[in-house]
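Structure data (JSON, C-alpha atoms) from data_22.json:
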[["chain", "number", "residue", "atom", "x", "y", "z"],
["A", 80, "MET", "CA", 116.57, 96.60, 88.34],
["A", 81, "THR", "CA", 114.87, 93.90, 90.43],
["A", 82, "SER", "CA", 114.02, 94.79, 94.02],
["A", 83, "HIS", "CA", 114.63, 91.99, 96.54],
["A", 84, "ALA", "CA", 111.32, 91.61, 98.37],
["A", 85, "LEU", "CA", 112.32, 90.83, 101.96],
["A", 86, "PHE", "CA", 108.68, 90.72, 103.10],
["A", 87, "ARG", "CA", 108.19, 87.52, 101.08],
["A", 88, "ASP", "CA", 110.41, 85.63, 103.52],
["A", 89, "ASP", "CA", 109.62, 87.52, 106.72],
["A", 90, "SER", "CA", 106.39, 89.52, 107.06],
["A", 91, "TYR", "CA", 107.46, 90.70, 110.52],
["A", 92, "LEU", "CA", 110.41, 92.84, 109.44],
["A", 93, "THR", "CA", 109.69, 96.45, 110.35],
["A", 94, "THR", "CA", 113.02, 97.99, 109.30],
["A", 95, "CYS", "CA", 115.83, 97.15, 106.92],
["A", 96, "SER", "CA", 118.80, 98.83, 105.32],
["A", 97, "ALA", "CA", 118.77, 99.39, 101.57],
["A", 98, "LYS", "CA", 120.50, 101.26, 98.78],
["A", 99, "ILE", "CA", 118.74, 103.67, 96.45],
["A", 100, "ALA", "CA", 119.10, 102.09, 93.03],
["A", 101, "GLU", "CA", 117.04, 104.62, 91.08],
["A", 102, "ILE", "CA", 114.84, 107.68, 91.48],
["A", 103, "THR", "CA", 112.24, 107.82, 88.71],
["A", 104, "GLU", "CA", 111.23, 110.94, 86.81],
["A", 105, "ASP", "CA", 108.10, 111.29, 88.92],
["A", 106, "GLY", "CA", 110.08, 110.95, 92.17],
["A", 107, "ALA", "CA", 109.49, 107.31, 93.14],
["A", 108, "TYR", "CA", 112.34, 105.47, 94.88],
["A", 109, "ILE", "CA", 113.55, 102.06, 93.73],
["A", 110, "LEU", "CA", 115.68, 100.23, 96.29],
["A", 111, "ASP", "CA", 117.90, 97.19, 95.93],
["A", 112, "GLN", "CA", 115.81, 95.51, 98.66],
["A", 113, "THR", "CA", 112.74, 96.46, 100.64],
["A", 114, "ILE", "CA", 110.26, 95.46, 103.33],
["A", 115, "PHE", "CA", 107.50, 97.62, 101.78],
["A", 116, "TYR", "CA", 104.73, 95.44, 100.32],
["A", 117, "PRO", "CA", 103.46, 96.84, 96.99],
["A", 118, "THR", "CA", 99.74, 97.12, 96.25],
["A", 119, "GLY", "CA", 98.51, 93.84, 94.80],
["A", 120, "GLY", "CA", 96.32, 90.81, 95.34],
["A", 121, "GLY", "CA", 93.72, 92.97, 97.04],
["A", 122, "GLN", "CA", 96.18, 94.17, 99.71],
["A", 123, "LEU", "CA", 97.08, 97.84, 99.94],
["A", 124, "GLY", "CA", 100.69, 98.92, 99.59],
["A", 125, "ASP", "CA", 102.69, 99.73, 102.71],
["A", 126, "SER", "CA", 103.38, 103.26, 103.88],
["A", 127, "GLY", "CA", 106.15, 104.52, 106.15],
["A", 128, "PHE", "CA", 109.37, 106.42, 105.59],
["A", 129, "LEU", "CA", 112.95, 106.22, 104.36],
["A", 130, "GLU", "CA", 115.69, 107.64, 106.58],
["A", 131, "ASN", "CA", 119.23, 108.57, 105.55],
["A", 132, "SER", "CA", 122.41, 108.66, 107.64],
["A", 133, "LYS", "CA", 121.72, 112.27, 108.67],
["A", 134, "GLY", "CA", 118.33, 111.39, 110.10],
["A", 135, "GLU", "CA", 116.48, 113.08, 107.24],
["A", 136, "LYS", "CA", 113.25, 111.38, 106.20],
["A", 137, "VAL", "CA", 111.13, 110.88, 103.10],
["A", 138, "ILE", "CA", 107.54, 109.93, 103.89],
["A", 139, "ILE", "CA", 106.33, 107.06, 101.70],
["A", 140, "ALA", "CA", 102.59, 107.33, 101.05],
["A", 141, "THR", "CA", 102.21, 103.98, 99.28],
["A", 142, "THR", "CA", 104.10, 101.33, 97.37],
["A", 143, "ARG", "CA", 103.37, 99.70, 94.02],
["A", 144, "ASN", "CA", 104.90, 97.36, 91.46],
["A", 145, "ASP", "CA", 106.63, 98.26, 88.23],
["A", 146, "ARG", "CA", 106.14, 94.85, 86.65],
["A", 147, "GLU", "CA", 107.98, 95.69, 83.44],
["A", 148, "ARG", "CA", 111.22, 96.12, 85.35],
["A", 149, "GLY", "CA", 110.45, 93.84, 88.27],
["A", 150, "ALA", "CA", 110.93, 96.81, 90.57],
["A", 151, "ILE", "CA", 109.01, 98.07, 93.60],
["A", 152, "LEU", "CA", 108.19, 101.77, 93.55],
["A", 153, "HIS", "CA", 108.16, 103.67, 96.84],
["A", 154, "ILE", "CA", 105.86, 106.63, 96.21],
["A", 155, "PRO", "CA", 106.66, 109.68, 98.37],
["A", 156, "GLU", "CA", 104.01, 111.84, 99.94],
["A", 157, "GLU", "CA", 103.17, 114.84, 97.77],
["A", 158, "THR", "CA", 104.82, 117.99, 99.01],
["A", 159, "ASP", "CA", 105.88, 121.34, 97.64],
["A", 160, "ALA", "CA", 109.21, 121.14, 99.43],
["A", 161, "PRO", "CA", 112.05, 119.62, 97.38],
["A", 162, "VAL", "CA", 113.52, 116.39, 98.73],
["A", 163, "SER", "CA", 117.24, 116.76, 99.34],
["A", 164, "GLY", "CA", 119.78, 114.45, 100.88],
["A", 165, "PHE", "CA", 118.57, 111.37, 98.98],
["A", 166, "ALA", "CA", 120.44, 110.33, 95.84],
["A", 167, "VAL", "CA", 121.11, 107.21, 93.81],
["A", 168, "GLY", "CA", 123.68, 105.06, 95.61],
["A", 169, "ASP", "CA", 122.80, 106.37, 99.08],
["A", 170, "GLU", "CA", 122.22, 103.96, 101.94],
["A", 171, "VAL", "CA", 118.86, 104.39, 103.68],
["A", 172, "VAL", "CA", 116.84, 102.64, 106.37],
["A", 173, "CYS", "CA", 113.29, 101.56, 105.53],
["A", 174, "HIS", "CA", 110.60, 101.92, 108.19],
["A", 175, "ILE", "CA", 107.09, 100.62, 107.51],
["A", 176, "ASP", "CA", 103.92, 101.67, 109.30],
["A", 177, "TRP", "CA", 103.80, 98.47, 111.34],
["A", 178, "LYS", "CA", 100.45, 99.17, 112.98],
["A", 179, "ALA", "CA", 98.77, 99.33, 109.57],
["A", 180, "ARG", "CA", 100.76, 96.41, 108.12],
["A", 181, "TYR", "CA", 99.92, 94.10, 111.02],
["A", 182, "LYS", "CA", 96.22, 94.75, 110.50],
["A", 183, "PHE", "CA", 96.63, 93.88, 106.81],
["A", 184, "MET", "CA", 98.38, 90.65, 107.79],
["A", 185, "ARG", "CA", 95.69, 89.63, 110.27],
["A", 186, "LEU", "CA", 92.82, 90.38, 107.90],
["A", 187, "HIS", "CA", 94.55, 88.75, 104.94],
["A", 188, "THR", "CA", 94.97, 85.49, 106.84],
["A", 189, "ALA", "CA", 91.35, 85.77, 108.01],
["A", 190, "LEU", "CA", 90.23, 85.97, 104.37],
["A", 191, "HIS", "CA", 92.05, 82.71, 103.63],
["A", 192, "LEU", "CA", 90.06, 81.15, 106.46],
["A", 193, "LEU", "CA", 86.86, 82.64, 105.06],
["A", 194, "SER", "CA", 87.57, 80.88, 101.78],
["A", 195, "VAL", "CA", 87.62, 77.62, 103.77],
["A", 196, "VAL", "CA", 84.33, 78.43, 105.50],
["A", 197, "LEU", "CA", 82.83, 79.26, 102.10],
["A", 198, "PRO", "CA", 84.38, 76.81, 99.59],
["A", 199, "TYR", "CA", 83.15, 78.61, 96.48],
["A", 200, "PRO", "CA", 84.94, 80.34, 93.58],
["A", 201, "VAL", "CA", 86.30, 83.73, 94.68],
["A", 202, "THR", "CA", 85.57, 86.52, 92.20],
["A", 203, "GLY", "CA", 87.23, 89.42, 94.01],
["A", 204, "GLY", "CA", 88.57, 90.75, 97.27],
["A", 205, "GLN", "CA", 89.99, 93.73, 99.10],
["A", 206, "ILE", "CA", 91.91, 94.23, 102.34],
["A", 207, "GLY", "CA", 91.78, 97.49, 104.29],
["A", 208, "LYS", "CA", 93.07, 98.49, 107.70],
["A", 209, "GLU", "CA", 89.86, 97.76, 109.59],
["A", 210, "GLU", "CA", 87.76, 95.69, 107.19],
["A", 211, "ALA", "CA", 88.19, 93.21, 104.35],
["A", 212, "ARG", "CA", 85.93, 91.37, 101.95],
["A", 213, "LEU", "CA", 85.70, 88.50, 99.50],
["A", 214, "ASP", "CA", 83.24, 88.07, 96.65],
["A", 215, "PHE", "CA", 81.99, 84.55, 95.93],
["A", 216, "ASN", "CA", 79.97, 82.79, 93.28],
["A", 217, "ILE", "CA", 77.36, 81.12, 95.49],
["A", 218, "PRO", "CA", 74.36, 79.53, 93.72],
["A", 219, "ASP", "CA", 72.10, 79.16, 96.75],
["A", 220, "PRO", "CA", 73.28, 81.04, 99.85],
["A", 221, "SER", "CA", 71.73, 79.64, 103.02],
["A", 222, "PHE", "CA", 73.82, 81.02, 105.85],
["A", 223, "THR", "CA", 73.76, 83.88, 108.33],
["A", 224, "LYS", "CA", 76.43, 86.29, 109.52],
["A", 225, "GLU", "CA", 76.32, 84.65, 112.93],
["A", 226, "GLU", "CA", 76.87, 81.15, 111.53],
["A", 227, "LEU", "CA", 79.81, 82.26, 109.39],
["A", 228, "THR", "CA", 81.35, 84.19, 112.29],
["A", 229, "SER", "CA", 81.14, 81.13, 114.54],
["A", 230, "GLN", "CA", 82.83, 78.88, 111.95],
["A", 231, "LEU", "CA", 85.49, 81.49, 111.22],
["A", 232, "MET", "CA", 86.32, 82.06, 114.88],
["A", 233, "SER", "CA", 86.60, 78.33, 115.55],
["A", 234, "MET", "CA", 89.44, 78.25, 113.00],
["A", 235, "VAL", "CA", 91.04, 81.36, 114.45],
["A", 236, "GLU", "CA", 90.98, 79.90, 117.95],
["A", 237, "ALA", "CA", 92.34, 76.54, 116.76],
["A", 238, "ASP", "CA", 95.67, 78.37, 116.38],
["A", 239, "TYR", "CA", 96.73, 76.78, 113.11],
["A", 240, "GLY", "CA", 100.24, 77.51, 111.95],
["A", 241, "VAL", "CA", 100.63, 79.60, 108.80],
["A", 242, "GLN", "CA", 103.58, 78.67, 106.59],
["A", 243, "GLN", "CA", 104.88, 79.26, 103.10],
["A", 244, "ARG", "CA", 106.60, 77.18, 100.48],
["A", 245, "TRP", "CA", 107.40, 77.52, 96.80],
["A", 246, "ILE", "CA", 106.44, 75.46, 93.77],
["A", 247, "SER", "CA", 107.32, 75.86, 90.12],
["A", 248, "ASP", "CA", 104.99, 77.41, 87.54],
["A", 249, "GLU", "CA", 104.73, 73.96, 85.98],
["A", 250, "GLU", "CA", 103.63, 72.42, 89.30],
["A", 251, "LEU", "CA", 100.92, 75.05, 89.64],
["A", 252, "ASP", "CA", 99.75, 74.45, 86.08],
["A", 253, "ALA", "CA", 99.47, 70.76, 86.95],
["A", 254, "ASN", "CA", 97.37, 71.60, 90.05],
["A", 255, "PRO", "CA", 94.96, 74.35, 88.90],
["A", 256, "ASP", "CA", 92.54, 73.66, 91.79],
["A", 257, "LEU", "CA", 95.02, 75.35, 94.14],
["A", 258, "VAL", "CA", 93.91, 78.70, 92.70],
["A", 259, "LYS", "CA", 90.67, 79.82, 94.38],
["A", 260, "THR", "CA", 90.50, 83.32, 92.93],
["A", 261, "MET", "CA", 88.94, 83.84, 89.51],
["A", 262, "SER", "CA", 89.84, 87.53, 89.17],
["A", 263, "VAL", "CA", 93.34, 87.63, 90.70],
["A", 264, "GLN", "CA", 96.00, 85.24, 89.48],
["A", 265, "PRO", "CA", 99.02, 84.35, 91.64],
["A", 266, "PRO", "CA", 102.20, 86.35, 90.96],
["A", 267, "ARG", "CA", 104.33, 84.76, 88.27],
["A", 268, "GLY", "CA", 107.39, 85.67, 86.28],
["A", 269, "SER", "CA", 110.19, 84.25, 88.42],
["A", 270, "GLY", "CA", 109.51, 80.63, 87.49],
["A", 271, "LYS", "CA", 108.16, 79.82, 90.95],
["A", 272, "VAL", "CA", 104.97, 80.53, 92.88],
["A", 273, "ARG", "CA", 104.58, 81.07, 96.62],
["A", 274, "LEU", "CA", 102.03, 78.92, 98.45],
["A", 275, "ILE", "CA", 100.51, 79.79, 101.83],
["A", 276, "SER", "CA", 99.34, 76.88, 103.95],
["A", 277, "ILE", "CA", 97.18, 77.11, 107.07],
["A", 278, "GLY", "CA", 97.55, 73.92, 109.10],
["A", 279, "ASP", "CA", 96.04, 71.12, 107.06],
["A", 280, "ILE", "CA", 92.90, 73.08, 106.15],
["A", 281, "ASP", "CA", 94.04, 75.43, 103.40],
["A", 282, "LEU", "CA", 96.70, 75.69, 100.72],
["A", 283, "GLN", "CA", 96.66, 78.33, 97.99],
["A", 284, "PRO", "CA", 98.99, 80.60, 96.01],
["A", 285, "CYS", "CA", 99.46, 84.04, 97.55],
["A", 286, "GLY", "CA", 102.06, 86.78, 97.40],
["A", 287, "GLY", "CA", 100.70, 88.76, 100.35],
["A", 288, "THR", "CA", 101.76, 89.12, 103.97],
["A", 289, "HIS", "CA", 100.36, 86.90, 106.72],
["A", 290, "VAL", "CA", 100.54, 86.27, 110.45],
["A", 291, "ALA", "CA", 102.37, 83.19, 111.76],
["A", 292, "THR", "CA", 99.37, 81.57, 113.47],
["A", 293, "THR", "CA", 95.62, 82.00, 113.14],
["A", 294, "ALA", "CA", 95.30, 82.96, 116.82],
["A", 295, "GLU", "CA", 97.11, 86.21, 115.97],
["A", 296, "ILE", "CA", 94.12, 87.26, 113.90],
["A", 297, "GLY", "CA", 92.15, 87.93, 117.05],
["A", 298, "ALA", "CA", 88.41, 88.45, 117.22],
["A", 299, "VAL", "CA", 86.78, 89.07, 113.84],
["A", 300, "GLU", "CA", 83.19, 88.97, 112.69],
["A", 301, "ILE", "CA", 81.16, 88.86, 109.51],
["A", 302, "CYS", "CA", 79.71, 92.36, 109.43],
["A", 303, "LYS", "CA", 77.77, 92.31, 106.15],
["A", 304, "ILE", "CA", 76.66, 89.98, 103.35],
["A", 305, "GLU", "CA", 75.74, 91.79, 100.14],
["A", 306, "ASN", "CA", 73.98, 90.60, 97.01],
["A", 307, "LYS", "CA", 76.08, 91.76, 94.04],
["A", 308, "GLY", "CA", 74.38, 89.75, 91.30],
["A", 309, "LYS", "CA", 72.53, 86.57, 90.48],
["A", 310, "GLN", "CA", 75.11, 84.41, 92.25],
["A", 311, "ASN", "CA", 77.67, 86.92, 93.47],
["A", 312, "ARG", "CA", 77.77, 87.46, 97.24],
["A", 313, "ARG", "CA", 80.11, 89.92, 98.92],
["A", 314, "VAL", "CA", 81.07, 88.90, 102.44],
["A", 315, "ARG", "CA", 82.68, 91.55, 104.62],
["A", 316, "ILE", "CA", 84.70, 90.90, 107.78],
["A", 317, "ARG", "CA", 86.03, 93.30, 110.38],
["A", 318, "PHE", "CA", 87.75, 93.29, 113.72],
["A", 319, "ALA", "CA", 85.20, 92.66, 116.46],
["A", 320, "SER", "CA", 84.84, 95.49, 118.95]]
Representation of the structure as structure tokens:
Amino acid sequence: MTSHALFRDDSYLTTCSAKIAEITEDGAYILDQTIFYPTGGGQLGDSGFLENSKGEKVIIATTRNDRERGAILHIPEETDAPVSGFAVGDEVVCHIDWKARYKFMRLHTALHLLSVVLPYPVTGGQIGKEEARLDFNIPDPSFTKEELTSQLMSMVEADYGVQQRWISDEELDANPDLVKTMSVQPPRGSGKVRLISIGDIDLQPCGGTHVATTAEIGAVEICKIENKGKQNRRVRIRFAS
């Protein structure tokens, strides 16, 4: 069962109708289509709830991939109460926690800009609701938080458009420099790879959710630069207060 990932085409969908295709032994819901982004690429999985025709709800604590089946697992919140009124074949409405998702989108796009400010190999990354970070291999760091924040915000305020397009696996193999991350490889398996472009300043494979323009990111700042090894520097960003 392959779940149709609606968020790949429209990150701004907050609700959608779906059919329950399967309920796993441990209680996870697999839907024929979904707007819930599954944990991956450093971005946390979406939370929210499923609602049936009677108005009954199942709270979804997080979402993750079942890569063997190509399915997206909607993990319900742990509870002692049995979940009734939800069965295979039922129609439900998906509702994501939009407030949290939108923060993920803004920070994720900001990290792409950070990789432009710091054009070094990326060794890791993580996106939370209030803060995000990238790890870089930087031989000789000679910058300050204030300098990086100024460069980052100039790109945010330039209001670049953020768009997506698809290329084949073969095209990506022929252009390996598109991949900036050393630890996380772009999602494959369907024969095509999604690229995210930001104006004419950045183009890289990414399966995550993003805002439509950099101005939507809002005010962010470099809050910490950490030394994680001989050349490894962890750069943290957060929403500016």
Gap from CA of Lys309 in chain A to CA of Pro218 in chain A - Å, one decimal: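 One can read the CA of Lys309 in chain A to CA of Pro218 in chain A distance as 8.0 Å.
Taking CA of Gln112 in chain A and CA of Gly149 in chain A as the two end points, the separation is 11.8 Å.
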Closest of A:Asp89, A:Gly106, A:Gly204, A:Ser82 to Arg146 in chain A - atom-to-atom distances counting all atoms listed in the file: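 The answer is A:Ser82, which sits nearest to Arg146 in chain A.
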Contact residues around Tyr91 in chain A with all atoms listed in the file at 12 Å, ignoring same-chain residues under 3 positions, as a PyMOL selection string: chain A and resi 85-88+94-95+114-116+174-178+180-185+288-291
At most 12 Å is the cut-off: for each residue in range 184-216 of chain A with any atom that close to an atom of range 236-243 of chain A, write down the nearest atom pair and the distance in Å rounded to one decimal, counting all atoms listed in the file, chain first then increasing number, as a Markdown table.
| residue | atom | partner | partner_atom | distance |
| --- | --- | --- | --- | --- |
| A:Met184 | CA | A:Val241 | CA | 11.3 |
| A:Arg185 | CA | A:Val241 | CA | 11.3 |
| A:His187 | CA | A:Val241 | CA | 11.6 |
| A:Thr188 | CA | A:Val241 | CA | 8.4 |
| A:Ala189 | CA | A:Val241 | CA | 11.2 |
| A:His191 | CA | A:Val241 | CA | 10.5 |
| A:Leu192 | CA | A:Tyr239 | CA | 10.4 |
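Between CA of Asp248 in chain A and CA of Gly278 in chain A the interatomic distance comes to 23.1 Å.
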Counting all atoms listed in the file, which residues in range 153-262 of chain A sit no more than 10 Å from range 269-273 of chain A? For each one, give the nearest pair of atoms and the distance in Å, sorted by chain then residue number, as CSV.
residue,atom,partner,partner_atom,distance
A:Gln243,CA,A:Arg273,CA,6.7
A:Arg244,CA,A:Arg273,CA,5.8
A:Trp245,CA,A:Arg273,CA,4.5
A:Ile246,CA,A:Val272,CA,5.4
A:Ser247,CA,A:Lys271,CA,4.1
A:Asp248,CA,A:Lys271,CA,5.2
A:Glu249,CA,A:Gly270,CA,8.3
A:Glu250,CA,A:Lys271,CA,8.8
A:Leu251,CA,A:Val272,CA,7.5
Please, which residues are within 8 Å of (108.3, 98.0, 94.3) by the file's coordinates, counting all atoms listed in the file, and could they come as a PyMOL selection string? chain A and resi 82+109-110+113+115-117+142-145+149-153
Would you export the selected residues with C-alpha atoms as a tab-separated table (two decimals), in the coordinates of the input, please?
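part-v6.tsv, freshly written:
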chain	number	residue	atom	x	y	z
A	82	SER	CA	114.02	94.79	94.02
A	109	ILE	CA	113.55	102.06	93.73
A	110	LEU	CA	115.68	100.23	96.29
A	113	THR	CA	112.74	96.46	100.64
A	115	PHE	CA	107.50	97.62	101.78
A	116	TYR	CA	104.73	95.44	100.32
A	117	PRO	CA	103.46	96.84	96.99
A	142	THR	CA	104.10	101.33	97.37
A	143	ARG	CA	103.37	99.70	94.02
A	144	ASN	CA	104.90	97.36	91.46
A	145	ASP	CA	106.63	98.26	88.23
A	149	GLY	CA	110.45	93.84	88.27
A	150	ALA	CA	110.93	96.81	90.57
A	151	ILE	CA	109.01	98.07	93.60
A	152	LEU	CA	108.19	101.77	93.55
A	153	HIS	CA	108.16	103.67	96.84
Take every atom of range 223-231 of chain A listed in the file, pad by 5 Å on each side, and give me the axis-aligned box centre and edge lengths in Å, one decimal, as AutoDock Vina command-line options.
--center_x 79.6 --center_y 82.6 --center_z 111.4 --size_x 21.7 --size_y 17.4 --size_z 16.2
Do you know which residues are at most 8 Å from range 135-137 of chain A counting all atoms listed in the file, after dropping those on the same chain fewer than 2 positions away, and could you put them as number ranges by chain? A: 128-133, 139, 155-156, 162, 164
Please dump the current selection as a PDB file, keeping the file's coordinate frame; keep C-alpha atoms.
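Result file out_10.pdb:
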ATOM      1  CA  PHE A 128     109.370 106.420 105.590  1.00  0.00           C
ATOM      2  CA  LEU A 129     112.950 106.220 104.360  1.00  0.00           C
ATOM      3  CA  GLU A 130     115.690 107.640 106.580  1.00  0.00           C
ATOM      4  CA  ASN A 131     119.230 108.570 105.550  1.00  0.00           C
ATOM      5  CA  SER A 132     122.410 108.660 107.640  1.00  0.00           C
ATOM      6  CA  LYS A 133     121.720 112.270 108.670  1.00  0.00           C
ATOM      7  CA  ILE A 139     106.330 107.060 101.700  1.00  0.00           C
ATOM      8  CA  PRO A 155     106.660 109.680  98.370  1.00  0.00           C
ATOM      9  CA  GLU A 156     104.010 111.840  99.940  1.00  0.00           C
ATOM     10  CA  VAL A 162     113.520 116.390  98.730  1.00  0.00           C
ATOM     11  CA  GLY A 164     119.780 114.450 100.880  1.00  0.00           C
TER      12      GLY A 164
END
If you count all atoms listed in the file, the residue of A:Ser233, A:Gln283, A:Asn311, A:Asn254 closest to Ile296 in chain A turns out to be A:Ser233
For Val171 in chain A, which residue among A:Ala84, A:Ala97, A:Ile316, A:Leu92 is the nearest when counting all atoms listed in the file?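 Distance minimum relative to Val171 in chain A lands on A:Ala97.
If you measure from each of A:Gly120, A:Ala179, A:Glu295, A:Thr81 to Glu147 in chain A using only C-alpha atoms, the closest one turns out to be A:Thr81.
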From the set A:Ser229, A:Thr93, A:Thr103, A:Asn216, which residue has the shortest atom-to-atom contact distance to Ala166 in chain A, counting only C-alpha atoms?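 When distances to Ala166 in chain A are compared using only C-alpha atoms, the smallest one comes from A:Thr103.
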Nearest candidate to Lys303 in chain A (options A:Ser320, A:Ser276, A:Thr141, A:Thr223; using only C-alpha atoms):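 Answer, going by the shortest atom-to-atom distance: A:Thr223.
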Using all atoms listed in the file, which residues sit within 8 Å of Ile206 in chain A once same-chain residues fewer than 2 positions away are excluded, as a VMD selection string? chain A and resid 121 to 123 183 186 to 187 204 208 210 to 212
For Ile217 in chain A, find every residue with an atom within 9 Å (counting all atoms listed in the file), except residues of its own chain fewer than 3 positions away, and show them as a ChimeraX atom specification. /A:197,199-200,220,309-312
Near Met232 in chain A, within 9 Å and counting all atoms listed in the file, which residues show up once chain neighbours fewer than 3 positions away are dropped, as JSON, numbers by chain? {"A": [227, 228, 229, 235, 236, 237, 297, 298, 299, 300]}
Written selection (C-alpha atoms) as a PDB file, keeping the file's coordinate frame:
ATOM      1  CA  LEU A 227      79.810  82.260 109.390  1.00  0.00           C
ATOM      2  CA  THR A 228      81.350  84.190 112.290  1.00  0.00           C
ATOM      3  CA  SER A 229      81.140  81.130 114.540  1.00  0.00           C
ATOM      4  CA  VAL A 235      91.040  81.360 114.450  1.00  0.00           C
ATOM      5  CA  GLU A 236      90.980  79.900 117.950  1.00  0.00           C
ATOM      6  CA  ALA A 237      92.340  76.540 116.760  1.00  0.00           C
ATOM      7  CA  GLY A 297      92.150  87.930 117.050  1.00  0.00           C
ATOM      8  CA  ALA A 298      88.410  88.450 117.220  1.00  0.00           C
ATOM      9  CA  VAL A 299      86.780  89.070 113.840  1.00  0.00           C
ATOM     10  CA  GLU A 300      83.190  88.970 112.690  1.00  0.00           C
TER      11      GLU A 300
END
